[in-house]
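Pasted below: start35.csv, CSV, C-alpha atoms.
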chain,number,residue,atom,x,y,z
M,1,SER,CA,-13.9,3.2,96.8
M,2,SER,CA,-15.3,4.4,100.1
M,3,VAL,CA,-18.8,3.9,99.0
M,4,GLY,CA,-18.0,0.4,97.7
M,5,VAL,CA,-18.4,1.3,93.9
M,6,ALA,CA,-15.3,0.7,91.6
M,7,VAL,CA,-14.5,3.6,89.2
M,8,SER,CA,-13.1,2.5,85.8
M,9,LEU,CA,-9.9,4.0,84.3
M,10,GLU,CA,-10.4,6.0,81.1
M,11,VAL,CA,-7.7,7.1,78.6
M,12,SER,CA,-8.5,10.3,76.7
M,13,GLU,CA,-8.7,10.4,73.0
M,14,SER,CA,-5.6,11.4,71.1
M,15,PRO,CA,-5.5,13.8,68.1
M,16,GLY,CA,-4.9,10.8,65.8
M,17,SER,CA,-1.9,11.8,63.7
M,18,ILE,CA,1.1,14.1,64.2
M,19,GLN,CA,3.6,15.3,61.5
M,20,VAL,CA,7.0,16.5,62.3
M,21,ALA,CA,10.0,17.3,60.2
M,22,ARG,CA,13.0,15.1,60.4
M,23,GLY,CA,15.4,16.2,63.2
M,24,GLN,CA,12.7,18.1,65.1
M,25,THR,CA,11.0,17.0,68.4
M,26,ALA,CA,7.7,15.1,68.3
M,27,VAL,CA,5.3,15.1,71.3
M,28,LEU,CA,3.0,12.1,71.6
M,29,PRO,CA,0.1,12.9,74.0
M,30,CYS,CA,-1.6,10.4,76.4
M,31,THR,CA,-3.7,11.3,79.5
M,32,PHE,CA,-6.1,9.3,81.6
M,33,SER,CA,-8.5,9.7,84.5
M,34,THR,CA,-8.8,7.4,87.6
M,35,SER,CA,-10.2,7.7,91.1
M,36,ALA,CA,-7.6,5.4,92.6
M,37,ALA,CA,-4.3,6.4,94.0
M,38,LEU,CA,-1.3,6.1,91.6
M,39,LEU,CA,0.5,3.7,93.8
M,40,HIS,CA,0.3,0.8,91.3
M,41,LEU,CA,0.5,2.8,88.1
M,42,ASN,CA,1.8,0.9,85.1
M,43,VAL,CA,2.5,2.7,81.7
M,44,ILE,CA,3.9,1.1,78.5
M,45,TRP,CA,4.5,2.9,75.2
M,46,MET,CA,4.7,0.6,72.1
M,47,VAL,CA,5.3,1.4,68.4
M,48,ILE,CA,4.4,-0.5,65.2
M,49,PRO,CA,7.0,0.8,62.6
M,50,LEU,CA,5.7,1.7,59.2
M,51,SER,CA,8.7,-0.1,57.7
M,52,ASN,CA,8.0,-3.4,59.6
M,53,ALA,CA,4.5,-3.8,60.9
M,54,ASN,CA,5.1,-7.3,62.0
M,55,GLN,CA,7.7,-6.3,64.6
M,56,PRO,CA,6.3,-4.0,67.3
M,57,GLU,CA,8.9,-2.4,69.6
M,58,GLN,CA,8.9,-1.0,73.1
M,59,VAL,CA,9.6,2.7,73.3
M,60,ILE,CA,9.5,3.5,77.1
M,61,LEU,CA,8.1,1.9,80.3
M,62,PHE,CA,7.1,3.0,83.8
M,63,GLN,CA,6.5,0.3,86.3
M,64,GLY,CA,6.9,0.0,90.1
M,65,GLY,CA,7.8,3.7,90.4
M,66,GLN,CA,10.7,3.4,87.9
M,67,THR,CA,11.3,4.4,84.2
M,68,PHE,CA,12.9,2.0,81.8
M,69,GLU,CA,14.1,2.7,78.2
M,70,GLY,CA,12.8,0.6,75.3
M,71,ALA,CA,14.4,-0.4,72.0
M,72,PRO,CA,18.1,0.7,71.6
M,73,ARG,CA,17.3,3.1,68.8
M,74,PHE,CA,15.2,5.2,71.2
M,75,HIS,CA,17.9,5.4,73.9
M,76,GLY,CA,18.6,9.0,75.0
M,77,ARG,CA,15.9,10.4,72.7
M,78,VAL,CA,12.6,9.5,74.5
M,79,LYS,CA,11.3,10.8,77.9
M,80,PHE,CA,8.0,11.4,79.8
M,81,ILE,CA,6.9,15.0,79.7
M,82,GLY,CA,5.9,15.1,83.4
M,83,THR,CA,7.3,13.7,86.6
M,84,MET,CA,6.1,10.2,87.1
M,85,PRO,CA,3.7,9.1,88.5
M,86,THR,CA,1.1,11.4,87.0
M,87,THR,CA,-2.1,11.1,84.9
M,88,ASN,CA,-0.3,12.8,82.0
M,89,VAL,CA,1.9,10.1,80.6
M,90,SER,CA,2.7,11.9,77.3
M,91,ILE,CA,6.2,11.5,75.9
M,92,PHE,CA,8.5,13.4,73.5
M,93,ILE,CA,11.0,12.1,70.9
M,94,ASN,CA,14.0,14.2,70.2
M,95,ASN,CA,15.9,14.3,66.8
M,96,THR,CA,13.2,12.3,65.0
M,97,GLN,CA,14.3,10.1,62.2
M,98,LEU,CA,12.6,8.7,59.2
M,99,SER,CA,12.5,5.3,60.9
M,100,ASP,CA,10.4,6.8,63.7
M,101,THR,CA,7.3,6.9,61.5
M,102,GLY,CA,4.7,4.5,62.7
M,103,THR,CA,1.7,3.9,65.0
M,104,TYR,CA,2.3,4.5,68.8
M,105,GLN,CA,0.2,3.0,71.6
M,106,CYS,CA,-0.1,4.1,75.2
M,107,LEU,CA,-1.2,1.3,77.6
M,108,VAL,CA,-2.3,2.4,81.1
M,109,ASN,CA,-3.1,0.2,84.1
M,110,ASN,CA,-3.8,1.5,87.7
M,111,LEU,CA,-5.1,-1.0,90.2
M,112,PRO,CA,-7.7,-1.4,91.6
M,113,ASP,CA,-9.3,0.4,88.7
M,114,ARG,CA,-10.5,-2.0,86.0
M,115,GLY,CA,-12.4,-2.0,82.8
M,116,GLY,CA,-12.9,1.0,80.5
M,117,ARG,CA,-10.6,2.1,77.7
M,118,ASN,CA,-7.0,1.9,78.8
M,119,ILE,CA,-5.3,2.3,75.4
M,120,GLY,CA,-4.5,5.5,73.4
M,121,VAL,CA,-3.3,5.4,69.8
M,122,THR,CA,-1.3,8.2,68.0
M,123,GLY,CA,0.2,8.1,64.5
M,124,LEU,CA,3.5,9.8,63.9
M,125,THR,CA,4.8,10.8,60.4
M,126,VAL,CA,8.3,12.1,60.0
M,127,LEU,CA,8.5,14.5,57.1
M,128,VAL,CA,11.6,14.8,55.0
M,129,PRO,CA,12.3,17.8,52.8
M,130,PRO,CA,13.5,17.2,49.2
M,131,SER,CA,17.1,16.5,48.9
M,132,ALA,CA,19.2,18.5,46.4
M,133,PRO,CA,17.9,17.3,43.0
M,134,HIS,CA,20.1,16.0,40.3
M,135,CYS,CA,19.7,17.7,36.9
M,136,GLN,CA,20.9,16.3,33.6
M,137,ILE,CA,20.4,16.5,29.8
M,138,GLN,CA,19.4,13.5,27.8
M,139,GLY,CA,19.8,13.6,24.0
M,140,SER,CA,21.9,15.5,21.4
M,141,GLN,CA,22.3,19.2,21.8
M,142,ASP,CA,22.6,19.7,18.0
M,143,ILE,CA,20.2,22.2,16.5
M,144,GLY,CA,17.0,20.5,15.4
M,145,SER,CA,17.3,17.7,17.8
M,146,ASP,CA,15.0,16.8,20.7
M,147,VAL,CA,16.3,16.9,24.3
M,148,ILE,CA,14.9,15.9,27.7
M,149,LEU,CA,15.8,17.8,30.9
M,150,LEU,CA,15.7,15.4,33.9
M,151,CYS,CA,15.3,16.4,37.6
M,152,SER,CA,15.0,14.0,40.6
M,153,SER,CA,15.6,14.0,44.4
M,154,GLU,CA,16.7,10.9,46.3
M,155,GLU,CA,14.7,11.9,49.4
M,156,GLY,CA,11.5,13.6,50.1
M,157,ILE,CA,8.4,12.8,52.2
M,158,PRO,CA,5.9,13.4,51.1
M,159,ARG,CA,7.0,12.8,47.5
M,160,PRO,CA,8.2,16.1,46.0
M,161,THR,CA,6.9,17.8,42.8
M,162,TYR,CA,9.2,19.4,40.3
M,163,LEU,CA,8.9,22.7,38.4
M,164,TRP,CA,11.2,23.7,35.6
M,165,GLU,CA,11.7,27.3,34.5
M,166,LYS,CA,14.1,29.1,32.3
M,167,LEU,CA,16.1,31.9,34.0
M,168,ASP,CA,15.6,34.7,31.5
M,169,THR,CA,13.4,37.7,31.4
M,170,THR,CA,10.1,35.8,31.0
M,171,PHE,CA,10.9,32.7,33.2
M,172,LYS,CA,9.0,30.6,30.7
M,173,LEU,CA,9.9,27.5,28.9
M,174,PRO,CA,10.3,27.4,25.1
M,175,PRO,CA,6.9,27.0,23.3
M,176,THR,CA,8.0,23.6,21.9
M,177,SER,CA,8.4,22.1,25.4
M,178,THR,CA,6.2,19.8,27.5
M,179,GLN,CA,6.6,19.4,31.3
M,180,ASP,CA,5.8,16.5,33.7
M,181,GLN,CA,5.9,17.8,37.3
M,182,VAL,CA,5.4,14.4,38.8
M,183,GLN,CA,8.3,12.8,36.9
M,184,GLY,CA,10.4,16.0,36.8
M,185,THR,CA,11.0,16.0,33.1
M,186,VAL,CA,10.8,18.6,30.3
M,187,THR,CA,10.9,17.6,26.7
M,188,ILE,CA,12.0,20.3,24.2
M,189,ARG,CA,11.5,19.4,20.6
M,190,ASN,CA,13.4,20.8,17.6
M,191,ILE,CA,15.7,22.9,19.7
M,192,SER,CA,17.1,26.1,18.2
M,193,ALA,CA,19.5,28.8,19.3
M,194,LEU,CA,16.6,30.4,21.2
M,195,SER,CA,16.5,27.2,23.4
M,196,SER,CA,19.9,27.9,24.8
M,197,GLY,CA,20.1,29.3,28.3
M,198,LEU,CA,20.1,28.5,32.0
M,199,TYR,CA,17.3,26.3,33.4
M,200,GLN,CA,16.3,25.8,37.0
M,201,CYS,CA,14.4,22.8,38.6
M,202,VAL,CA,12.6,23.4,41.9
M,203,ALA,CA,11.7,20.3,44.0
M,204,SER,CA,9.2,21.0,46.8
M,205,ASN,CA,7.0,19.2,49.3
M,206,ALA,CA,5.0,20.2,52.4
M,207,ILE,CA,8.1,21.1,54.5
M,208,GLY,CA,10.8,22.3,52.1
M,209,THR,CA,12.2,23.0,48.7
M,210,SER,CA,15.4,22.4,46.9
M,211,THR,CA,16.8,23.5,43.5
M,212,CYS,CA,19.3,22.6,40.8
M,213,LEU,CA,20.6,24.5,37.7
M,214,LEU,CA,21.2,23.3,34.2
M,215,ASP,CA,22.9,25.1,31.3
M,216,LEU,CA,21.6,24.1,27.8
M,217,GLN,CA,23.7,25.2,24.9
M,218,VAL,CA,22.4,24.4,21.4
M,219,ILE,CA,25.2,23.5,19.0
M,220,SER,CA,24.9,25.0,15.5
M,221,PRO,CA,26.6,23.1,12.7
M,222,GLN,CA,29.7,24.6,11.0
M,223,PRO,CA,29.9,25.0,7.2
M,224,GLY,CA,32.8,22.6,7.0
M,225,SER,CA,30.9,20.0,8.9
M,226,ILE,CA,27.9,20.5,6.6
M,227,ARG,CA,30.1,19.7,3.6
M,228,VAL,CA,31.6,16.7,5.3
M,229,LEU,CA,28.1,15.4,6.2
M,230,ALA,CA,26.9,15.9,2.7
M,231,GLY,CA,29.9,14.1,1.3
M,232,ALA,CA,29.4,11.2,3.7
M,233,ILE,CA,25.7,11.0,2.7
M,234,GLY,CA,26.6,11.1,-1.0
M,235,THR,CA,29.2,8.3,-0.6
M,236,GLY,CA,26.8,6.2,1.4
M,237,ALA,CA,24.2,6.6,-1.3
M,238,VAL,CA,26.6,5.5,-4.0
M,239,ILE,CA,27.6,2.4,-2.0
M,240,ILE,CA,24.0,1.5,-1.4
M,241,ILE,CA,23.1,1.9,-5.1
M,242,PHE,CA,26.1,-0.2,-6.1
M,243,CYS,CA,25.1,-3.0,-3.7
M,244,ILE,CA,21.5,-2.9,-5.0
M,245,ALA,CA,22.8,-3.2,-8.6
M,246,LEU,CA,25.0,-6.2,-7.7
M,247,ILE,CA,22.1,-7.9,-6.0
M,248,LEU,CA,19.7,-7.3,-8.9
M,249,GLY,CA,22.4,-8.5,-11.4
M,250,ALA,CA,23.0,-11.7,-9.5
M,251,PHE,CA,19.2,-12.3,-9.3
M,252,PHE,CA,18.6,-11.9,-13.0
M,253,TYR,CA,21.6,-14.1,-13.9
M,254,TRP,CA,20.4,-16.8,-11.6
M,255,ARG,CA,16.9,-16.6,-13.0
M,256,SER,CA,18.0,-16.8,-16.6
M,257,LYS,CA,20.3,-19.7,-15.9
M,258,ASN,CA,17.5,-21.5,-14.0
M,259,LYS,CA,15.1,-20.9,-16.9
M,260,GLU,CA,17.6,-22.4,-19.4
M,261,GLU,CA,18.0,-25.5,-17.2
M,262,GLU,CA,14.2,-25.8,-17.0
M,263,GLU,CA,14.0,-25.7,-20.8
M,264,GLU,CA,16.7,-28.3,-21.2
M,265,GLU,CA,15.3,-30.7,-18.6
M,266,ILE,CA,11.6,-31.0,-19.5
M,267,PRO,CA,9.7,-33.3,-17.1
M,268,ASN,CA,8.7,-36.7,-18.5
M,269,GLU,CA,11.0,-36.2,-21.6
M,270,ILE,CA,11.8,-39.5,-23.4
M,271,ARG,CA,15.4,-39.4,-24.5
M,272,GLU,CA,17.4,-42.0,-26.4
M,273,ASP,CA,20.0,-42.2,-23.7
M,274,ASP,CA,20.8,-45.9,-23.8
M,275,LEU,CA,21.6,-48.2,-26.6
M,276,PRO,CA,19.6,-51.5,-26.9
M,277,PRO,CA,21.4,-54.6,-25.8
M,278,LYS,CA,23.5,-56.4,-28.5
M,279,CYS,CA,21.8,-59.5,-29.9
M,280,SER,CA,23.6,-62.7,-30.9
M,281,SER,CA,20.9,-63.6,-33.3
M,282,ALA,CA,20.2,-61.8,-36.6
M,283,LYS,CA,16.5,-61.7,-35.6
M,284,ALA,CA,16.7,-58.9,-33.2
M,285,PHE,CA,13.4,-57.3,-34.2
M,286,HIS,CA,10.8,-59.6,-35.8
M,287,THR,CA,7.1,-59.1,-36.3
M,288,GLU,CA,4.7,-61.4,-37.9
M,289,ILE,CA,1.4,-60.0,-39.3
M,290,SER,CA,-1.3,-62.2,-40.7
M,291,SER,CA,-3.0,-60.7,-43.7
M,292,SER,CA,-5.7,-63.0,-45.1
M,293,GLU,CA,-6.7,-66.6,-45.5
M,294,ASN,CA,-4.6,-67.2,-48.6
M,295,ASN,CA,-1.9,-64.6,-48.3
M,296,THR,CA,0.5,-64.0,-45.4
M,297,LEU,CA,3.0,-61.2,-45.0
M,298,THR,CA,6.0,-61.4,-42.7
M,299,SER,CA,8.0,-58.3,-41.9
M,300,SER,CA,11.6,-59.1,-41.1
M,301,ASN,CA,13.9,-56.3,-40.0
M,302,THR,CA,17.5,-57.1,-39.5
M,303,TYR,CA,18.9,-54.8,-36.8
M,304,ASN,CA,22.0,-53.1,-38.3
M,305,SER,CA,23.1,-50.2,-36.0
M,306,LYS,CA,19.5,-48.8,-36.2
M,307,TYR,CA,16.1,-49.9,-37.3
M,308,TRP,CA,16.8,-49.3,-41.0
M,309,SER,CA,19.6,-51.2,-42.9
M,310,ASN,CA,22.0,-49.0,-44.8
M,311,ASN,CA,23.1,-51.6,-47.3
M,312,PRO,CA,20.3,-54.2,-47.5
M,313,LYS,CA,20.3,-57.1,-49.9
M,314,VAL,CA,17.9,-56.1,-52.6
M,315,HIS,CA,15.5,-58.8,-53.7
M,316,ARG,CA,13.2,-57.3,-56.3
M,317,ASN,CA,10.3,-59.3,-57.6
M,318,ARG,CA,7.7,-58.0,-59.9
M,319,GLU,CA,5.1,-60.4,-58.5
M,320,SER,CA,5.7,-59.1,-55.1
M,321,PHE,CA,4.8,-55.6,-56.1
M,322,ASN,CA,1.5,-56.8,-57.4
M,323,HIS,CA,0.5,-57.4,-53.8
M,324,PHE,CA,1.6,-53.9,-52.7
M,325,SER,CA,-1.9,-53.0,-51.7
M,326,ASP,CA,-2.2,-56.1,-49.5
M,327,LEU,CA,1.1,-55.2,-47.9
M,328,ARG,CA,0.0,-51.6,-47.1
M,329,GLN,CA,-3.2,-52.9,-45.4
M,330,SER,CA,-1.6,-55.7,-43.5
M,331,PHE,CA,1.3,-53.5,-42.4
M,332,SER,CA,-1.3,-51.1,-40.7
M,333,GLY,CA,0.3,-48.0,-42.2
M,334,ASN,CA,2.9,-47.5,-39.5
M,335,ALA,CA,6.6,-47.9,-39.9
M,336,VAL,CA,9.2,-47.2,-37.3
M,337,ILE,CA,11.7,-44.6,-38.6
M,338,PRO,CA,13.8,-43.3,-35.8
M,339,SER,CA,15.1,-39.7,-35.8
M,340,ILE,CA,18.7,-38.9,-35.5
M,341,TYR,CA,19.5,-36.0,-33.1
M,342,ALA,CA,22.6,-33.9,-33.0
M,343,ASN,CA,23.6,-31.2,-30.4
M,344,GLY,CA,20.5,-32.1,-28.3
M,345,ASN,CA,17.9,-30.1,-30.2
M,346,HIS,CA,18.2,-30.0,-34.0
M,347,LEU,CA,17.0,-32.8,-36.2
M,348,VAL,CA,19.7,-34.0,-38.6
M,349,PRO,CA,18.6,-36.2,-41.6
M,350,GLY,CA,20.5,-39.5,-41.8
M,351,PRO,CA,21.4,-41.5,-44.9
M,352,HIS,CA,18.7,-43.0,-46.9
M,353,LYS,CA,17.2,-46.1,-45.2
M,354,THR,CA,15.4,-49.1,-46.6
M,355,LEU,CA,13.2,-51.8,-45.0
M,356,VAL,CA,13.6,-55.5,-46.0
M,357,VAL,CA,10.2,-57.3,-46.2
M,358,THR,CA,9.6,-60.9,-46.8
M,359,ALA,CA,6.1,-61.9,-48.2
M,360,ASN,CA,4.8,-65.5,-48.2
M,361,ARG,CA,2.2,-66.1,-50.9
M,362,GLY,CA,0.3,-69.4,-51.3
M,363,SER,CA,-1.8,-70.6,-54.3
M,364,SER,CA,-5.5,-71.5,-53.9
M,365,PRO,CA,-5.9,-75.0,-52.5
M,366,GLN,CA,-6.5,-77.8,-55.0
M,367,VAL,CA,-10.1,-79.2,-54.9
M,368,THR,CA,-10.4,-83.0,-55.4
M,369,PRO,CA,-13.8,-84.8,-55.5
M,370,GLY,CA,-14.1,-88.1,-53.6
M,371,ASN,CA,-15.8,-91.3,-54.6
M,372,ASP,CA,-18.5,-90.7,-52.0
M,373,GLY,CA,-19.2,-87.3,-53.4
M,374,SER,CA,-17.1,-85.5,-50.8
M,375,VAL,CA,-14.7,-82.7,-51.7
M,376,SER,CA,-11.2,-82.4,-50.3
M,377,ARG,CA,-8.9,-79.4,-50.4
M,378,LYS,CA,-5.2,-79.9,-50.8
M,379,PRO,CA,-3.1,-76.9,-49.9
M,380,GLN,CA,-0.5,-75.8,-52.4
M,381,PRO,CA,3.1,-75.0,-51.5
M,382,GLN,CA,3.8,-71.4,-50.5
M,383,HIS,CA,6.1,-69.2,-52.5
M,384,THR,CA,8.4,-66.7,-50.6
M,385,GLN,CA,9.3,-63.4,-52.1
M,386,SER,CA,11.6,-60.7,-50.5
M,387,TYR,CA,11.6,-57.1,-51.6
M,388,THR,CA,12.8,-53.7,-50.3
M,389,ILE,CA,10.8,-50.6,-49.5
M,390,SER,CA,12.7,-47.3,-49.5
M,391,GLN,CA,12.2,-44.5,-47.1
M,392,ALA,CA,10.8,-42.3,-49.9
M,393,THR,CA,8.2,-45.0,-50.7
M,394,LEU,CA,7.2,-45.3,-47.0
M,395,GLU,CA,6.7,-41.5,-46.8
M,396,ARG,CA,4.5,-41.5,-49.9
M,397,ILE,CA,2.2,-44.2,-48.4
M,398,GLY,CA,1.9,-42.1,-45.3
M,399,ALA,CA,4.4,-43.7,-42.9
M,400,VAL,CA,5.8,-41.4,-40.3
M,401,PRO,CA,8.8,-41.9,-38.0
M,402,VAL,CA,7.8,-42.4,-34.3
M,403,MET,CA,9.8,-42.7,-31.1
M,404,VAL,CA,8.9,-45.8,-29.1
M,405,PRO,CA,9.6,-45.7,-25.3
M,406,ALA,CA,11.5,-48.6,-23.8
M,407,GLN,CA,13.2,-49.4,-20.6
M,408,SER,CA,16.9,-49.7,-20.1
M,409,ARG,CA,18.6,-52.4,-18.1
M,410,ALA,CA,19.0,-49.9,-15.3
M,411,GLY,CA,15.2,-49.4,-15.2
M,412,SER,CA,15.1,-45.9,-16.6
M,413,LEU,CA,12.8,-44.8,-19.4
M,414,VAL,CA,14.7,-44.2,-22.7
If you convert what's in this file into structure tokens, what do you get?
Amino acid sequence: SSVGVAVSLEVSESPGSIQVARGQTAVLPCTFSTSAALLHLNVIWMVIPLSNANQPEQVILFQGGQTFEGAPRFHGRVKFIGTMPTTNVSIFINNTQLSDTGTYQCLVNNLPDRGGRNIGVTGLTVLVPPSAPHCQIQGSQDIGSDVILLCSSEEGIPRPTYLWEKLDTTFKLPPTSTQDQVQGTVTIRNISALSSGLYQCVASNAIGTSTCLLDLQVISPQPGSIRVLAGAIGTGAVIIIFCIALILGAFFYWRSKNKEEEEEEIPNEIREDDLPPKCSSAKAFHTEISSSENNTLTSSNTYNSKYWSNNPKVHRNRESFNHFSDLRQSFSGNAVIPSIYANGNHLVPGPHKTLVVTANRGSSPQVTPGNDGSVSRKPQPQHTQSYTISQATLERIGAVPVMVPAQSRAGSLV
């Protein structure tokens, strides 16, 4: 400066954002003011792509009185508007592409001017009209069905909206339809013959529109097909009923069979499923019962196939019957009379059984006085009598047959 004061460089404010349709020319403004000569002017245009913000690119460069092109994708499409050097360093981009969308920066330096704002920022948005939409029908076109009309465009910036209409006298959709303009769908429920016709979808955004057509023809069922359908339904119903009947029959058969098995196999049932071991001695089952001080009774049962002997040796003694009451008391009123089973369940009476009993009876001891006045008792020899008690007699005195649990050699309860 001639007065010795430095004047700073100042870049004018930009409009902020510019929109342009794809294929058209975009102008990015950038001007500055300076008091110094433009002998050392340096201008650099940079872009931060919207698709890749981490990779800034150089668009065009003016330095040392010469212009240089930037990234290869801008070659031949970017130029300065004015003849350089000048304070209007705006540029234009021909044949804009979708990839040109981004934030552009204009950096200006002109020595000796320093300080001030030397950067201008401008946003560029390349608009794309909707591409020709694709229309299709989803669902059955038979009468009474529900169908969905689909419409979508592969391209469009900003995102297009979709409007469906029926090309008839009213240009209105059927009353049973619902439309989504964002997704581009129309759902028509319970279609009828009135739903048939030509439908049009219009895709539009800020810079353009595009359309597609769709012909919907509702199919009415033929009488023959109705009969075939009814016959198929009837046959299917018969098959289903038959299958259900088979399943129920198998279930009830299994249940009845299982119930019979449960009745046959009662838990904790004591069964005579094992014969007792054979004894070498005739005294297989012997019980001694003491009756009183003077009289003793011994019950002797010789095991012959079962507890009761079919052909016992009868030893009848009238004197033994005189002590029948003693026998009943000393025998405790219980006699073991096993039951004979046939076919698993029915009680079958066996042949008449008898019980052989041997009773030992002794006389009162003989009293002998001693010389010293003492008294001595001399026992008398005992007399043994054997007699037989029939099953009928045992039943009359209250004896009942009982089943006594035992354990087999294998360890099972029998």
Hey, what's within 10 Å of region 52-68 of chain M if we count only C-alpha atoms and toss same-chain stuff fewer than 5 positions away? As a ChimeraX atom specification, please?
-> /M:38-47,73-75,77-80,84-85,89,91,93,99,102-109
Proximity of region 188-207 of chain M to region 164-183 of chain M: per-residue shortest pair, 9 Å limit, all atoms listed in the file, as CSV:
residue,atom,partner,partner_atom,distance
M:Ile188,CA,M:Ser177,CA,4.2
M:Arg189,CA,M:Thr176,CA,5.6
M:Asn190,CA,M:Thr176,CA,7.4
M:Ile191,CA,M:Thr176,CA,8.0
M:Leu194,CA,M:Pro174,CA,8.0
M:Ser195,CA,M:Pro174,CA,6.4
M:Gly197,CA,M:Lys166,CA,7.2
M:Leu198,CA,M:Leu167,CA,5.6
M:Tyr199,CA,M:Lys166,CA,4.4
M:Gln200,CA,M:Glu165,CA,5.4
M:Cys201,CA,M:Trp164,CA,4.5
M:Val202,CA,M:Trp164,CA,6.5
Residue with smallest distance to Leu214 (chain M) - pool M:Ile397, M:Pro133, M:Ser90, M:Asn258, counting only C-alpha atoms |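 That would be M:Pro133, the residue with the smallest distance to Leu214 (chain M).
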Pro221 (chain M) proximity check over M:Ala193, M:Leu248, M:Cys151, M:Ala21, using all atoms listed in the file: winner is M:Ala193
d(CA of Ser196 (chain M), CA of Val147 (chain M)) in Å |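 Between these atoms lies a distance of 11.6 Å.
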Kindly indicate which residue among M:Ser390, M:Thr125, M:Thr185, M:Phe92 lies nearest to Gly76 (chain M), using all atoms listed in the file for the distances.
->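 Checking each candidate against Gly76 (chain M), we get M:Phe92 as the closest.
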M:Gly116, M:Pro72, M:Gly123, M:Pro49: which is nearest Gln19 (chain M), counting only C-alpha atoms?
-> M:Gly123
List as a list in words: which residues have an atom within 8 Å of (17.8, 15.2, 68.9), counting all atoms listed in the file?
->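 The residues near that point, listed by chain and number, are Gly23, Gln24, Thr25, Arg77, Ile93, Asn94, Asn95 and Thr96 of chain M.
If all atoms listed in the file are the atoms counted, then among M:Thr101, M:Thr122, M:Ser17, M:Asn110 the closest residue to Cys30 (chain M) is M:Thr122.
Interatomic distance, CA of Ser14 (chain M) against CA of Pro129 (chain M): 26.4 Å.
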Shortest interatomic distance to Gly82 (chain M) - which of M:Thr235, M:Asn118, M:Thr31, M:Ser51, counting all atoms listed in the file |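 Looking at the shortest contact to Gly82 (chain M), the residue is M:Thr31.
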Find the distance between CA of Leu28 (chain M) and CA of Ile207 (chain M) and write it in Å to one decimal.
->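 These atoms are spaced 20.0 Å apart.
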